[in-house]
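Trainee: Let me begin by handing over the structure; questions about it come next.
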Amino acid sequence: MLDVLTIGRVGVDIYPLQIATPLAEVETFGKFLGGSPTNVAVAAARYGLRAGVVTRTGADAFGEYVHRALRDFGVDDSQVRPVAGLPTPVTFCEIFPPDHFPIWFYRTPTAPDLQIHPDELDLDAITTARIFWLTGTGLCQRPSRDAHAAALAARAGRAHTVLDLDYRPMFWPDPAAATAAYADALPHVTVAVGNLDEVAVAVGSRDPEHAARLLLDRGPRLAVVKLGPDGVLAATAEQTVRVPPVPVEVVNGLGAGDAFGGALCLGLLRGWPLERTLRFANAAGAIVASRLACSSAMPDEAETEALAARAQPAPATEGDR
């Protein structure tokens, strides 16, 4: 039984090693394992969790690299298979800290990880995983959408079934198509995670507290709304918690959300109070934002705890009251 099993996007990130340089002028690049749910599995494995991925690659050299990288990170790759006739996707970006990171996905008109069929799923593994993590990108095309629906049916609302909204407009014909897909999936998950843009597409509100309540009304028991420079807000039926960000010097913000996701998994499995989980996840995201890569930048538990502790507000003294 796995602690964390993710399904969906995988690829190879080709990131410039020259910061603040237009892509057309970059001469040196680094190659890294990529794809949001895959990065979440890597982040979870860094905390000692048993993590695996359900995905597809091309039958090519980059597909071989994906397998090797997953094994090196301690992530189970037994449910990663090749799809004939499609290349393993690659992704390029530009890096202009602190907040401008244009990204280009080479995965059209389709990608291997969107060709997962329902009858290919190991439903026993999906059902018994302590956390099953899926993303909105996996809902953007069939047969992947049908596979995700079959997986959610098998989970039958079991905790913890997590939907990372992961809205990427280039993968959808229009926002309304994504909204409809989210509406179908949300009643079957127990946790929903998204930033302000993503929750606006999902439920039509950019107000964090209102959006969180709308997400809860659709079925999840926990709604997490990432607020960028304003931190994160999370809500259940009983409580709403908001925590500030952890300040760092940003190098590349593209992997911070996936680091947050892996840390969220640890907090859920440990049964931590919501505030502690959010502070830990914020620290993990901050660490990765301060580094170039995504997957290979994921911190371990000791490093994340150390930063979370340093960022924790000091208790008020008598003179402060």
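Each chain in the structure tokens gets a letter, A, B and so on, in the order shown; residues start at 1 in every chain, and ligands are counted from 1 in the order they appear.
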Contacts of Arg168 of chain A at 12 Å or less, counting only C-alpha atoms, minus same-chain residues fewer than 2 places along, as a list in words?

Mentor: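 Near neighbours after the sequence-gap exclusion: Arg9, Ser36, Ile103, Trp104, Phe105, Thr135, Gly136, Thr137, Gly138, Leu139, Cys140, Asp164, Leu165, Asp166, Met170, Phe171, Trp172, Pro173, Asp174, Pro175, Ala177, Ala178, Gly194, Asn195, Asp197, Glu198 and Val201 of chain A.
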
Trainee: The selected residues should be written to file as a CSV table (one decimal), in the first residue's frame (atoms: N, CA and C atoms).

Mentor:
```csv
chain,number,residue,atom,x,y,z
A,9,ARG,N,0.1,14.3,-15.2
A,9,ARG,CA,1.1,14.9,-16.0
A,9,ARG,C,2.5,14.6,-15.6
A,36,SER,N,3.3,18.4,-12.6
A,36,SER,CA,2.8,18.8,-11.3
A,36,SER,C,2.6,17.6,-10.4
A,103,ILE,N,6.0,30.1,-19.3
A,103,ILE,CA,6.2,28.6,-19.5
A,103,ILE,C,5.6,28.2,-20.8
A,104,TRP,N,6.3,27.3,-21.5
A,104,TRP,CA,5.8,26.7,-22.7
A,104,TRP,C,5.8,25.2,-22.6
A,105,PHE,N,4.6,24.6,-22.8
A,105,PHE,CA,4.4,23.2,-22.8
A,105,PHE,C,4.4,22.6,-24.2
A,135,THR,N,-5.1,15.9,-10.7
A,135,THR,CA,-5.1,17.4,-11.0
A,135,THR,C,-6.1,17.7,-12.1
A,136,GLY,N,-6.4,18.9,-12.2
A,136,GLY,CA,-7.4,19.4,-13.2
A,136,GLY,C,-6.9,19.1,-14.6
A,137,THR,N,-5.6,19.2,-14.8
A,137,THR,CA,-5.1,18.9,-16.2
A,137,THR,C,-5.5,17.6,-16.7
A,138,GLY,N,-5.5,16.6,-15.8
A,138,GLY,CA,-5.9,15.3,-16.2
A,138,GLY,C,-7.4,15.1,-16.7
A,139,LEU,N,-8.2,16.2,-16.4
A,139,LEU,CA,-9.6,16.2,-16.8
A,139,LEU,C,-9.8,16.9,-18.2
A,140,CYS,N,-8.7,17.4,-18.8
A,140,CYS,CA,-8.9,18.3,-20.0
A,140,CYS,C,-9.2,17.5,-21.3
A,164,ASP,N,-6.1,18.8,-7.0
A,164,ASP,CA,-5.3,20.0,-7.3
A,164,ASP,C,-5.9,20.6,-8.6
A,165,LEU,N,-6.6,21.8,-8.5
A,165,LEU,CA,-7.3,22.3,-9.6
A,165,LEU,C,-6.4,22.5,-10.8
A,166,ASP,N,-5.1,23.0,-10.6
A,166,ASP,CA,-4.1,23.0,-11.6
A,166,ASP,C,-4.6,23.5,-13.0
A,170,MET,N,-4.1,26.8,-21.5
A,170,MET,CA,-3.7,26.3,-22.9
A,170,MET,C,-4.1,24.9,-23.1
A,171,PHE,N,-4.5,24.2,-22.1
A,171,PHE,CA,-5.0,22.8,-22.3
A,171,PHE,C,-6.5,22.7,-22.5
A,172,TRP,N,-7.2,23.8,-22.4
A,172,TRP,CA,-8.7,23.7,-22.4
A,172,TRP,C,-9.2,24.6,-23.6
A,173,PRO,N,-10.3,24.2,-24.2
A,173,PRO,CA,-10.9,25.0,-25.3
A,173,PRO,C,-11.4,26.4,-24.8
A,174,ASP,N,-11.8,26.4,-23.5
A,174,ASP,CA,-12.3,27.7,-22.9
A,174,ASP,C,-12.4,27.4,-21.4
A,175,PRO,N,-12.5,28.5,-20.6
A,175,PRO,CA,-12.6,28.3,-19.1
A,175,PRO,C,-13.9,27.5,-18.7
A,177,ALA,N,-15.3,25.0,-20.1
A,177,ALA,CA,-15.0,23.5,-20.1
A,177,ALA,C,-14.4,23.0,-18.8
A,178,ALA,N,-13.4,23.8,-18.3
A,178,ALA,CA,-12.7,23.5,-17.1
A,178,ALA,C,-13.7,23.5,-15.9
A,194,GLY,N,-6.2,25.0,-4.7
A,194,GLY,CA,-6.0,25.8,-5.9
A,194,GLY,C,-5.6,27.2,-5.5
A,195,ASN,N,-5.1,28.0,-6.5
A,195,ASN,CA,-4.8,29.4,-6.2
A,195,ASN,C,-6.0,30.2,-6.6
A,197,ASP,N,-6.7,32.2,-9.1
A,197,ASP,CA,-7.1,32.1,-10.5
A,197,ASP,C,-7.9,30.8,-10.7
A,198,GLU,N,-7.4,29.7,-10.1
A,198,GLU,CA,-8.0,28.4,-10.2
A,198,GLU,C,-9.3,28.3,-9.6
A,201,VAL,N,-12.0,30.0,-11.6
A,201,VAL,CA,-12.5,29.1,-12.7
A,201,VAL,C,-13.5,28.0,-12.1
```

Trainee: Extract the full set of strand (DSSP E) residues from segment 108-259 of chain A according to DSSP on the backbone, and format it as a PyMOL selection string.

Mentor: chain A and resi 131-135+161-164+191-195+222-226+232-235+240-243

Trainee: Need to verify the contact set: Ala308 of chain A, 7 Å, only C-alpha atoms, exclusion of same-chain residues closer than 4 positions in sequence. Can you return it as a PDB file with N, CA and C atoms, in the first residue's frame?

Mentor:
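Writing the result to part12.pdb gives the following:
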```
ATOM      1  N   ARG A 279       1.602  25.949   7.742  1.00  0.00           N
ATOM      2  CA  ARG A 279       2.904  26.591   7.956  1.00  0.00           C
ATOM      3  C   ARG A 279       4.028  25.712   7.391  1.00  0.00           C
ATOM      4  N   PHE A 280       3.930  24.422   7.597  1.00  0.00           N
ATOM      5  CA  PHE A 280       4.929  23.494   7.069  1.00  0.00           C
ATOM      6  C   PHE A 280       4.907  23.519   5.542  1.00  0.00           C
ATOM      7  N   ALA A 283       6.439  26.652   4.125  1.00  0.00           N
ATOM      8  CA  ALA A 283       7.897  26.613   4.201  1.00  0.00           C
ATOM      9  C   ALA A 283       8.480  25.759   3.075  1.00  0.00           C
ATOM     10  N   THR A 304      12.560  21.528   6.052  1.00  0.00           N
ATOM     11  CA  THR A 304      11.279  22.234   6.018  1.00  0.00           C
ATOM     12  C   THR A 304      10.860  22.671   7.415  1.00  0.00           C
ATOM     13  N   GLN A 312       7.964  31.148  12.163  1.00  0.00           N
ATOM     14  CA  GLN A 312       6.868  31.212  13.127  1.00  0.00           C
ATOM     15  C   GLN A 312       6.952  32.499  13.928  1.00  0.00           C
TER      16      GLN A 312
END
```

Trainee: Would you tabulate, counting only C-alpha atoms, all residues of segment 282-306 of chain A that have an atom at most 10 Å from an atom of segment 238-245 of chain A, showing the closest pair of atoms and their distance in Å to one decimal, sorted by chain then ascending number, as a tab-separated table?

Mentor:
```
residue	atom	partner	partner_atom	distance
A:Asn282	CA	A:Pro245	CA	6.3
A:Ala283	CA	A:Pro245	CA	7.9
A:Gly285	CA	A:Pro245	CA	9.3
A:Ala286	CA	A:Pro245	CA	8.0
```

Trainee: Export, as a compact mmCIF listing (two decimals), in the first residue's frame, the selected residues with C-alpha atoms.

Mentor:
```txt
# COMPACT_ATOMS: atom_id res chain seq x y z
CA ASN A 282 4.31 27.20 3.08
CA ALA A 283 7.90 26.61 4.20
CA GLY A 285 7.03 25.97 -1.12
CA ALA A 286 9.34 28.80 -0.10
```

Trainee: List every residue of segment 228-291 of chain A that has an atom at most 12 Å from any atom of segment 152-161 of chain A, giving for each one its closest atom pair and the distance in Å to one decimal, counting only C-alpha atoms, sorted by chain and then by ascending residue number, as a Markdown table.

Mentor:
```
| residue | atom | partner | partner_atom | distance |
| --- | --- | --- | --- | --- |
| A:Leu264 | CA | A:His160 | CA | 11.0 |
| A:Cys265 | CA | A:His160 | CA | 8.8 |
| A:Leu266 | CA | A:His160 | CA | 11.4 |
| A:Gly267 | CA | A:His160 | CA | 11.4 |
| A:Leu268 | CA | A:His160 | CA | 7.8 |
| A:Leu269 | CA | A:His160 | CA | 8.6 |
| A:Gly271 | CA | A:His160 | CA | 11.4 |
```

Trainee: For segment 49-62 of chain A, please output as a PyMOL selection string all residues within 6 Å (counting only C-alpha atoms; exclusion window: fewer than 6 positions along the same chain).

Mentor: chain A and resi 2-8+41+75-76+79-83+86-88+112-113

Trainee: For Glu305 of chain A, which of A:Glu249, A:Ala202, A:Ala263, A:Ala185 is the closest residue, counting only C-alpha atoms?

Mentor: A:Ala263

Trainee: So that I can check the surroundings of Ala297 of chain A, please list as a list in words every protein, DNA and RNA residue that reaches within 12 Å of it, counting only C-alpha atoms and ignoring chain neighbours fewer than 4 positions away.

Mentor: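 So the residues in contact are Phe32, Leu33, Gly34, Asn39, Val40, Val42, Ala43, Arg46, Phe73, Val251, Asn252, Gly253, Leu254, Gly255, Ala256, Asp258, Ala259, Ala284, Gly285, Ala286, Ile287, Val288, Ala289, Ser290, Arg291, Leu292, Ala293, Glu303 and Thr304 of chain A.
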
Trainee: Keeping C-alpha atoms, export the residues of the selection given above as a compact mmCIF listing (two decimals), in the first residue's frame.

Mentor:
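Result file is result07.txt:
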```txt
# COMPACT_ATOMS: atom_id res chain seq x y z
CA PHE A 32 14.82 17.87 -14.74
CA LEU A 33 11.89 15.57 -14.06
CA GLY A 34 8.66 17.56 -14.27
CA ASN A 39 6.57 16.55 -8.53
CA VAL A 40 4.09 16.07 -5.67
CA VAL A 42 8.73 13.30 -5.46
CA ALA A 43 8.11 15.83 -2.68
CA ARG A 46 11.51 13.22 0.25
CA PHE A 73 13.90 9.88 -6.09
CA VAL A 251 14.71 32.20 -7.97
CA ASN A 252 11.99 30.17 -9.70
CA GLY A 253 8.42 30.04 -8.44
CA LEU A 254 7.21 27.26 -10.73
CA GLY A 255 7.72 24.34 -8.32
CA ALA A 256 6.52 25.98 -5.12
CA ASP A 258 4.08 21.13 -5.93
CA ALA A 259 6.35 21.36 -2.88
CA ALA A 284 8.32 23.78 1.69
CA GLY A 285 7.03 25.97 -1.12
CA ALA A 286 9.34 28.80 -0.10
CA ILE A 287 12.39 26.53 -0.14
CA VAL A 288 11.68 25.34 -3.68
CA ALA A 289 10.91 28.88 -4.85
CA SER A 290 14.42 29.83 -3.75
CA ARG A 291 15.95 27.21 -6.07
CA LEU A 292 16.13 26.68 -9.83
CA ALA A 293 14.64 23.23 -10.29
CA GLU A 303 14.95 21.37 6.38
CA THR A 304 11.28 22.23 6.02
```

Trainee: Show me, as a ChimeraX atom specification, the residues that have an atom within 7 Å of Val90 of chain A when counting only C-alpha atoms, minus same-chain residues fewer than 5 positions from it.

Mentor: /A:11-14,105-106

Trainee: With C-alpha atoms retained, write the just-selected residues as a PDB file, in the first residue's frame.

Mentor:
```
ATOM      1  CA  GLY A  11       7.479  15.327 -18.616  1.00  0.00           C
ATOM      2  CA  VAL A  12      10.961  16.711 -18.770  1.00  0.00           C
ATOM      3  CA  ASP A  13      11.588  20.295 -17.675  1.00  0.00           C
ATOM      4  CA  ILE A  14      14.251  22.006 -19.785  1.00  0.00           C
ATOM      5  CA  PHE A 105       4.382  23.172 -22.778  1.00  0.00           C
ATOM      6  CA  TYR A 106       5.224  20.966 -25.754  1.00  0.00           C
TER       7      TYR A 106
END
```

Trainee: Could you pull out all residues of segment 173-259 of chain A with a DSSP call of alpha helix (DSSP H) and give them as a PyMOL selection string?

Mentor: chain A and resi 175-185+196-203+208-217+256-259

Trainee: For Phe92 of chain A, which residue among A:Leu227, A:Leu186, A:Val26, A:Val193 is the nearest when counting only C-alpha atoms?

Mentor: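 That would be A:Val26, the residue with the smallest distance to Phe92 of chain A.
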
Trainee: So how many Å separate atom CA of Asp207 of chain A and atom CA of Gly262 of chain A, to one decimal?

Mentor: 25.2 Å
